Amino acid sequence: MSVRVQTGDFDVGAESRALQAETVGGIALFVGTVRGLSSDDGVTAMTLEHFPGMTESELERIEAEARQRWPLEDVTIIHRVGRLLPGEQIVMVAAASAHRQAAFDAAQFIMDFLKTDAPFWKAEERDGKTSWVDAKDSDDAARDRWTG
Amino acid sequence: MSVRVQTGDFDVGAESRALQAETVGGIALFVGTVRGLSSDDGVTAMTLEHFPGMTESELERIEAEARQRWPLEDVTIIHRVGRLLPGEQIVMVAAASAHRQAAFDAAQFIMDFLKTDAPFWKAEERDGKTSWVDAKDSDDAARDRWTG
Amino acid sequence: MTITTENGASLSVRYFAWMREHTGTDLETIALPDSVINVGDLVPHLSAMSDGHALALKNMKAVRVAVNRTYGDLDTPVTAGDEVAFFPPVTGG
Amino acid sequence: MTITTENGASLSVRYFAWMREHTGTDLETIALPDSVINVGDLVPHLSAMSDGHALALKNMKAVRVAVNRTYGDLDTPVTAGDEVAFFPPVTGG
């Protein structure tokens, strides 16, 4: 188990290698990155705030739920905070399992719940102004498909 | 677009970085690895054979189908051939998109079709004997969920 | 701002993101009135503290609450020593 | 093994994995009899070439076929110059 909230960047290759093991048949990873100026967003930078202590415990809770649902060998969740520029990595979720579908499902589950439950907030810089990003209904919908 | 069939290893971090771009919001990756002795498999090594020429064209066809279904910025498919030891990387599929769900869906779609349509065959070494791996009905089922 | 009641019962309150900007504070310790037994009781009490607090807490449908770092709602009990956090729906990842 | 008919019409045939081991060859060029117009016609013709070929092609339900590197089936036409590949269901990834 590894949950990390950090300002620094991370190496997806090193994280993937760290999950390789003789019992692992597949590792599903998701890397979230900052979209930039050339996209529709027109964002020049973003700053991520979080709730230290609660963030880590929520991520650990989400990981524990994923481990209950799927046979996972290991999980890594890394989320950056602070100011990030377009193209930079924000978040990585990696789930290792003997089985490909379990790895994929777990990585998606963790991302969906991270998006709605982990206390991070993004402020975007656009045209020299900073504004808080609104939560998206589509993120709630993505989470809710796992229940009921 | 990048489809590679190679004997050498690959660096998941470098491949992920290569897909980062201002229009990309997320990259979904899957890394398949050789399960080993300590797993139920008891495999000491495996050798992957393929059909040069057809393999690449099938992988390109699968990628093209994924690009038709989802708004993808870029895709990388790497598959190793030759003899591999437990813990080694076999395959990587990475799909980059502005949208997380498209990236996840495309990576799964490509893996599911790769498993059933790309002409690779595994021979496993176990207790000093080499035997060809049988195809799994579960792989056909995983592919078939995308149709009909 | 720290207010202590006669019996010393107090509560930590945290605000994040635009709620922090509206209230002008990320952490305050407030006296816990006897009448406050849950988050729903606490909200009008906090709203009375400043215009910024009132603005931040105006629409509780747009606010999430955590008590001692676990998600709660207006019915979640609060007692002396608790940490209550108010924040907008999250937008990480 | 290369067999050429009088008019020189020939076909490349490839085998992979255990089919390659059974037939003892990964690539052979065979004469294309006039009677062979599709893969289904070709199979008994190849099976007659050796016991190994017969064994490899015994259960066509367990075999996949590609003509000119595109998946086909027993009804897929074959003509002179084509490359026909027989192989087991794939097991990569």
# chains A, B, ... in the order shown; residues from 1 in each chain; ligands from 1
>>> residues_around(residues="D:Val67", least_positions_apart="6", cutoff="12 Å", atoms="only C-alpha atoms", output="list of chain:residue names")
B:Met54, D:Leu11, D:Ser12, D:Val13, D:Arg14, D:Asn38, D:Val39, D:Leu42, D:Asp73, D:Leu74, D:Asp75, D:Thr76, D:Pro77, D:Val78, D:Thr79, D:Ala80, D:Gly81, D:Asp82, D:Glu83, D:Val84, D:Ala85, D:Phe86, D:Phe87
>>> interface_residues(of="chain A", to="chain B", cutoff="8 Å", atoms="only C-alpha atoms", output="MDAnalysis selection string")
chainID A and resid 11:14 16 20:39 86:88 98 100 104 108
>>> write_last_selection(atoms="C-alpha atoms", output="mmCIF file, in the first residue's frame")
data_model
loop_
_atom_site.group_PDB
_atom_site.id
_atom_site.type_symbol
_atom_site.label_atom_id
_atom_site.label_comp_id
_atom_site.auth_asym_id
_atom_site.auth_seq_id
_atom_site.Cartn_x
_atom_site.Cartn_y
_atom_site.Cartn_z
ATOM 1 C CA ASP A 11 8.283 8.676 -12.409
ATOM 2 C CA VAL A 12 5.539 6.461 -13.820
ATOM 3 C CA GLY A 13 8.121 3.918 -14.992
ATOM 4 C CA ALA A 14 9.684 3.564 -11.557
ATOM 5 C CA SER A 16 5.191 0.617 -12.434
ATOM 6 C CA GLN A 20 6.056 -5.817 -10.729
ATOM 7 C CA ALA A 21 6.179 -9.125 -8.899
ATOM 8 C CA GLU A 22 5.940 -12.814 -9.745
ATOM 9 C CA THR A 23 2.303 -12.892 -8.696
ATOM 10 C CA VAL A 24 1.407 -9.890 -10.846
ATOM 11 C CA GLY A 25 0.087 -10.442 -14.368
ATOM 12 C CA GLY A 26 -0.894 -6.881 -15.106
ATOM 13 C CA ILE A 27 -0.677 -3.328 -13.878
ATOM 14 C CA ALA A 28 -3.300 -0.780 -14.867
ATOM 15 C CA LEU A 29 -2.209 2.824 -14.479
ATOM 16 C CA PHE A 30 -3.823 6.172 -14.951
ATOM 17 C CA VAL A 31 -1.807 9.367 -15.199
ATOM 18 C CA GLY A 32 -3.701 12.646 -15.024
ATOM 19 C CA THR A 33 -2.033 15.652 -16.595
ATOM 20 C CA VAL A 34 -2.666 19.398 -16.757
ATOM 21 C CA ARG A 35 -4.322 20.414 -20.000
ATOM 22 C CA GLY A 36 -3.014 23.679 -21.325
ATOM 23 C CA LEU A 37 -3.335 26.750 -23.448
ATOM 24 C CA SER A 38 -3.651 24.952 -26.737
ATOM 25 C CA SER A 39 -6.670 23.021 -25.492
ATOM 26 C CA PRO A 86 0.238 22.544 -18.557
ATOM 27 C CA GLY A 87 1.591 19.135 -19.496
ATOM 28 C CA GLU A 88 2.675 18.331 -15.929
ATOM 29 C CA ALA A 98 -2.869 -11.380 -11.307
ATOM 30 C CA ARG A 100 -6.057 -7.745 -16.143
ATOM 31 C CA PHE A 104 -8.352 -2.078 -14.866
ATOM 32 C CA GLN A 108 -10.919 3.178 -12.604
#
>>> atom_distance(atom1="atom CA of D:His22", atom2="atom CA of D:Leu57")
9.2 Å
>>> interface_residues(of="chain A", to="chain C", cutoff="12 Å", atoms="only C-alpha atoms", output="PyMOL selection string")
chain A and resi 5+30-34+46-59+61+77-82+89-93+108+110-124+130-140
>>> write_last_selection(atoms="C-alpha atoms", output="mmCIF file, in the first residue's frame")
data_model
loop_
_atom_site.group_PDB
_atom_site.id
_atom_site.type_symbol
_atom_site.label_atom_id
_atom_site.label_comp_id
_atom_site.auth_asym_id
_atom_site.auth_seq_id
_atom_site.Cartn_x
_atom_site.Cartn_y
_atom_site.Cartn_z
ATOM 1 C CA VAL A 5 0.580 13.496 -1.524
ATOM 2 C CA PHE A 30 -3.823 6.172 -14.951
ATOM 3 C CA VAL A 31 -1.807 9.367 -15.199
ATOM 4 C CA GLY A 32 -3.701 12.646 -15.024
ATOM 5 C CA THR A 33 -2.033 15.652 -16.595
ATOM 6 C CA VAL A 34 -2.666 19.398 -16.757
ATOM 7 C CA MET A 46 -3.245 25.483 -11.823
ATOM 8 C CA THR A 47 -2.768 25.269 -8.098
ATOM 9 C CA LEU A 48 -3.927 22.307 -6.077
ATOM 10 C CA GLU A 49 -4.914 22.741 -2.435
ATOM 11 C CA HIS A 50 -5.779 19.834 -0.164
ATOM 12 C CA PHE A 51 -6.743 18.890 3.381
ATOM 13 C CA PRO A 52 -3.583 17.349 4.854
ATOM 14 C CA GLY A 53 -4.400 14.313 6.942
ATOM 15 C CA MET A 54 -7.913 13.840 5.611
ATOM 16 C CA THR A 55 -6.622 13.506 2.036
ATOM 17 C CA GLU A 56 -4.373 10.605 2.915
ATOM 18 C CA SER A 57 -7.010 8.865 5.013
ATOM 19 C CA GLU A 58 -9.623 9.218 2.249
ATOM 20 C CA LEU A 59 -7.202 7.823 -0.343
ATOM 21 C CA ARG A 61 -10.097 4.293 2.510
ATOM 22 C CA ILE A 77 -1.790 6.399 -5.440
ATOM 23 C CA ILE A 78 0.218 9.601 -5.908
ATOM 24 C CA HIS A 79 -1.314 13.069 -6.061
ATOM 25 C CA ARG A 80 0.582 16.297 -6.414
ATOM 26 C CA VAL A 81 -0.300 19.593 -4.740
ATOM 27 C CA GLY A 82 0.915 23.134 -5.337
ATOM 28 C CA GLN A 89 1.572 15.176 -14.160
ATOM 29 C CA ILE A 90 -1.060 15.683 -11.426
ATOM 30 C CA VAL A 91 -2.053 12.225 -10.294
ATOM 31 C CA MET A 92 -1.166 8.583 -10.786
ATOM 32 C CA VAL A 93 -3.174 5.557 -9.757
ATOM 33 C CA GLN A 108 -10.919 3.178 -12.604
ATOM 34 C CA ILE A 110 -9.966 4.484 -7.407
ATOM 35 C CA MET A 111 -9.841 7.360 -9.912
ATOM 36 C CA ASP A 112 -13.622 7.770 -9.834
ATOM 37 C CA PHE A 113 -13.733 7.951 -6.039
ATOM 38 C CA LEU A 114 -10.590 10.068 -5.823
ATOM 39 C CA LYS A 115 -12.302 12.592 -8.107
ATOM 40 C CA THR A 116 -15.317 12.925 -5.814
ATOM 41 C CA ASP A 117 -14.090 12.061 -2.310
ATOM 42 C CA ALA A 118 -10.426 13.016 -1.897
ATOM 43 C CA PRO A 119 -10.266 16.595 -0.584
ATOM 44 C CA PHE A 120 -8.318 18.359 -3.304
ATOM 45 C CA TRP A 121 -9.333 21.632 -4.939
ATOM 46 C CA LYS A 122 -8.044 23.118 -8.147
ATOM 47 C CA ALA A 123 -7.677 26.805 -8.871
ATOM 48 C CA GLU A 124 -6.990 27.597 -12.525
ATOM 49 C CA THR A 130 -7.351 32.708 -10.862
ATOM 50 C CA SER A 131 -10.632 30.903 -10.298
ATOM 51 C CA TRP A 132 -11.699 27.816 -8.408
ATOM 52 C CA VAL A 133 -12.779 24.934 -10.572
ATOM 53 C CA ASP A 134 -16.384 23.802 -10.180
ATOM 54 C CA ALA A 135 -17.078 20.160 -9.427
ATOM 55 C CA LYS A 136 -18.565 18.236 -12.337
ATOM 56 C CA ASP A 137 -21.780 16.245 -12.237
ATOM 57 C CA SER A 138 -20.114 13.781 -14.610
ATOM 58 C CA ASP A 139 -17.638 12.921 -11.855
ATOM 59 C CA ASP A 140 -20.481 12.111 -9.464
#
>>> select_by_dssp(residues="stretch 31-82 of chain A", states="strand (DSSP E or B)", output="PyMOL selection string")
chain A and resi 31-33+45-50+72-80+82
>>> write_last_selection(atoms="all heavy atoms", output="short mmCIF file (atom, residue, chain, number, x, y, z; two decimals), in the first residue's frame")
data_model
loop_
_atom_site.label_atom_id
_atom_site.label_comp_id
_atom_site.auth_asym_id
_atom_site.auth_seq_id
_atom_site.Cartn_x
_atom_site.Cartn_y
_atom_site.Cartn_z
N VAL A 31 -2.60 8.17 -15.48
CA VAL A 31 -1.81 9.37 -15.20
C VAL A 31 -2.63 10.57 -15.64
O VAL A 31 -2.98 10.69 -16.82
CB VAL A 31 -0.47 9.34 -15.96
CG1 VAL A 31 0.35 10.59 -15.64
CG2 VAL A 31 0.32 8.07 -15.63
N GLY A 32 -2.97 11.42 -14.69
CA GLY A 32 -3.70 12.65 -15.02
C GLY A 32 -2.73 13.78 -15.22
O GLY A 32 -1.76 13.93 -14.46
N THR A 33 -2.96 14.57 -16.27
CA THR A 33 -2.03 15.65 -16.60
C THR A 33 -2.79 16.97 -16.75
O THR A 33 -4.01 16.98 -16.96
CB THR A 33 -1.28 15.35 -17.91
OG1 THR A 33 -2.24 15.15 -18.95
CG2 THR A 33 -0.45 14.08 -17.78
N ALA A 45 -1.90 27.76 -15.84
CA ALA A 45 -1.34 27.08 -14.67
C ALA A 45 -2.49 26.70 -13.75
O ALA A 45 -3.60 27.25 -13.88
CB ALA A 45 -0.36 27.96 -13.92
N MET A 46 -2.24 25.75 -12.85
CA MET A 46 -3.25 25.48 -11.82
C MET A 46 -2.56 25.24 -10.49
O MET A 46 -1.39 24.85 -10.44
CB MET A 46 -4.14 24.32 -12.20
CG MET A 46 -3.47 23.00 -12.34
SD MET A 46 -4.69 21.67 -12.45
CE MET A 46 -5.73 22.23 -13.77
N THR A 47 -3.30 25.52 -9.43
CA THR A 47 -2.77 25.27 -8.10
C THR A 47 -3.71 24.33 -7.36
O THR A 47 -4.92 24.54 -7.37
CB THR A 47 -2.63 26.60 -7.32
OG1 THR A 47 -1.74 27.44 -8.04
CG2 THR A 47 -2.06 26.34 -5.92
N LEU A 48 -3.14 23.30 -6.80
CA LEU A 48 -3.93 22.31 -6.08
C LEU A 48 -3.75 22.48 -4.58
O LEU A 48 -2.63 22.44 -4.05
CB LEU A 48 -3.51 20.90 -6.50
CG LEU A 48 -4.21 20.44 -7.77
CD1 LEU A 48 -3.29 19.70 -8.69
CD2 LEU A 48 -5.43 19.60 -7.40
N GLU A 49 -4.88 22.67 -3.91
CA GLU A 49 -4.91 22.74 -2.44
C GLU A 49 -5.50 21.43 -1.94
O GLU A 49 -6.27 20.77 -2.64
CB GLU A 49 -5.83 23.91 -2.06
CG GLU A 49 -6.07 24.11 -0.58
CD GLU A 49 -6.89 25.37 -0.29
OE1 GLU A 49 -6.76 26.37 -1.04
OE2 GLU A 49 -7.67 25.35 0.68
N HIS A 50 -5.15 21.04 -0.72
CA HIS A 50 -5.78 19.83 -0.16
C HIS A 50 -5.92 19.94 1.34
O HIS A 50 -5.55 20.96 1.93
CB HIS A 50 -4.99 18.58 -0.57
CG HIS A 50 -3.75 18.33 0.23
ND1 HIS A 50 -3.54 17.16 0.93
CD2 HIS A 50 -2.67 19.10 0.45
CE1 HIS A 50 -2.36 17.23 1.53
NE2 HIS A 50 -1.80 18.39 1.25
N LEU A 72 -6.26 -7.67 -5.57
CA LEU A 72 -5.14 -6.82 -5.96
C LEU A 72 -3.88 -7.22 -5.22
O LEU A 72 -3.92 -7.51 -4.03
CB LEU A 72 -5.47 -5.35 -5.67
CG LEU A 72 -6.76 -4.83 -6.32
CD1 LEU A 72 -7.02 -3.40 -5.88
CD2 LEU A 72 -6.69 -4.93 -7.84
N GLU A 73 -2.78 -7.21 -5.93
CA GLU A 73 -1.50 -7.49 -5.29
C GLU A 73 -0.94 -6.24 -4.62
O GLU A 73 -0.33 -6.31 -3.56
CB GLU A 73 -0.49 -8.02 -6.31
CG GLU A 73 -0.89 -9.35 -6.95
CD GLU A 73 -0.92 -10.48 -5.94
OE1 GLU A 73 -0.06 -10.52 -5.06
OE2 GLU A 73 -1.84 -11.34 -6.04
N ASP A 74 -1.15 -5.10 -5.28
CA ASP A 74 -0.62 -3.86 -4.73
C ASP A 74 -1.28 -2.67 -5.41
O ASP A 74 -1.84 -2.81 -6.51
CB ASP A 74 0.90 -3.79 -4.93
CG ASP A 74 1.60 -3.02 -3.81
OD1 ASP A 74 0.92 -2.29 -3.07
OD2 ASP A 74 2.82 -3.18 -3.68
N VAL A 75 -1.22 -1.53 -4.76
CA VAL A 75 -1.82 -0.30 -5.27
C VAL A 75 -0.89 0.86 -4.95
O VAL A 75 -0.30 0.89 -3.87
CB VAL A 75 -3.21 -0.05 -4.61
CG1 VAL A 75 -3.71 1.35 -4.91
CG2 VAL A 75 -4.22 -1.10 -5.06
N THR A 76 -0.76 1.78 -5.87
CA THR A 76 -0.05 3.03 -5.59
C THR A 76 -0.92 4.20 -6.02
O THR A 76 -1.49 4.19 -7.12
CB THR A 76 1.29 3.10 -6.36
OG1 THR A 76 2.09 1.98 -6.01
CG2 THR A 76 2.05 4.39 -6.02
N ILE A 77 -1.05 5.17 -5.13
CA ILE A 77 -1.79 6.40 -5.44
C ILE A 77 -0.86 7.57 -5.12
O ILE A 77 -0.38 7.68 -4.00
CB ILE A 77 -3.08 6.52 -4.60
CG1 ILE A 77 -3.98 5.28 -4.78
CG2 ILE A 77 -3.83 7.81 -4.96
CD1 ILE A 77 -5.19 5.27 -3.84
N ILE A 78 -0.61 8.41 -6.11
CA ILE A 78 0.22 9.60 -5.91
C ILE A 78 -0.56 10.81 -6.42
O ILE A 78 -1.10 10.77 -7.53
CB ILE A 78 1.55 9.51 -6.68
CG1 ILE A 78 2.31 8.23 -6.32
CG2 ILE A 78 2.43 10.74 -6.40
CD1 ILE A 78 3.56 8.01 -7.17
N HIS A 79 -0.63 11.85 -5.62
CA HIS A 79 -1.31 13.07 -6.06
C HIS A 79 -0.44 14.26 -5.70
O HIS A 79 0.02 14.37 -4.57
CB HIS A 79 -2.68 13.19 -5.38
CG HIS A 79 -3.64 14.06 -6.13
ND1 HIS A 79 -3.39 15.40 -6.38
CD2 HIS A 79 -4.84 13.79 -6.69
CE1 HIS A 79 -4.41 15.91 -7.07
NE2 HIS A 79 -5.30 14.96 -7.27
N ARG A 80 -0.23 15.11 -6.68
CA ARG A 80 0.58 16.30 -6.41
C ARG A 80 -0.28 17.46 -5.94
O ARG A 80 -1.47 17.55 -6.25
CB ARG A 80 1.35 16.70 -7.68
CG ARG A 80 2.40 15.69 -8.04
CD ARG A 80 3.07 16.04 -9.35
NE ARG A 80 3.94 17.21 -9.19
CZ ARG A 80 4.51 17.84 -10.22
NH1 ARG A 80 4.27 17.42 -11.46
NH2 ARG A 80 5.30 18.87 -10.01
N GLY A 82 0.11 21.95 -5.01
CA GLY A 82 0.92 23.13 -5.34
C GLY A 82 0.62 23.60 -6.75
O GLY A 82 -0.39 23.22 -7.34
#
>>> select_by_dssp(residues="stretch 7-89 of chain B", states="helix (DSSP H, G or I)", output="VMD selection string")
chain B and resid 12 to 19 54 to 69
>>> write_last_selection(atoms="C-alpha atoms", output="PDB file, in the first residue's frame")
ATOM      1  CA  VAL B  12       6.763   2.768 -19.132  1.00  0.00           C
ATOM      2  CA  GLY B  13       7.738   6.176 -17.746  1.00  0.00           C
ATOM      3  CA  ALA B  14       9.326   7.307 -21.005  1.00  0.00           C
ATOM      4  CA  GLU B  15       6.341   6.011 -22.980  1.00  0.00           C
ATOM      5  CA  SER B  16       3.916   7.825 -20.696  1.00  0.00           C
ATOM      6  CA  ARG B  17       5.902  11.074 -20.915  1.00  0.00           C
ATOM      7  CA  ALA B  18       5.975  10.785 -24.703  1.00  0.00           C
ATOM      8  CA  LEU B  19       2.152  10.905 -24.698  1.00  0.00           C
ATOM      9  CA  MET B  54       0.414  -9.444 -39.688  1.00  0.00           C
ATOM     10  CA  THR B  55       1.016  -8.663 -36.020  1.00  0.00           C
ATOM     11  CA  GLU B  56       1.753  -5.025 -36.745  1.00  0.00           C
ATOM     12  CA  SER B  57      -1.140  -4.643 -39.159  1.00  0.00           C
ATOM     13  CA  GLU B  58      -3.592  -6.227 -36.680  1.00  0.00           C
ATOM     14  CA  LEU B  59      -2.367  -3.941 -33.886  1.00  0.00           C
ATOM     15  CA  GLU B  60      -2.740  -0.930 -36.182  1.00  0.00           C
ATOM     16  CA  ARG B  61      -6.242  -2.062 -37.118  1.00  0.00           C
ATOM     17  CA  ILE B  62      -7.187  -2.409 -33.431  1.00  0.00           C
ATOM     18  CA  GLU B  63      -5.747   1.022 -32.694  1.00  0.00           C
ATOM     19  CA  ALA B  64      -7.672   2.529 -35.622  1.00  0.00           C
ATOM     20  CA  GLU B  65     -10.912   1.011 -34.298  1.00  0.00           C
ATOM     21  CA  ALA B  66     -10.232   2.449 -30.846  1.00  0.00           C
ATOM     22  CA  ARG B  67      -9.596   5.875 -32.370  1.00  0.00           C
ATOM     23  CA  GLN B  68     -12.920   5.678 -34.184  1.00  0.00           C
ATOM     24  CA  ARG B  69     -14.742   4.894 -30.953  1.00  0.00           C
TER      25      ARG B  69
END
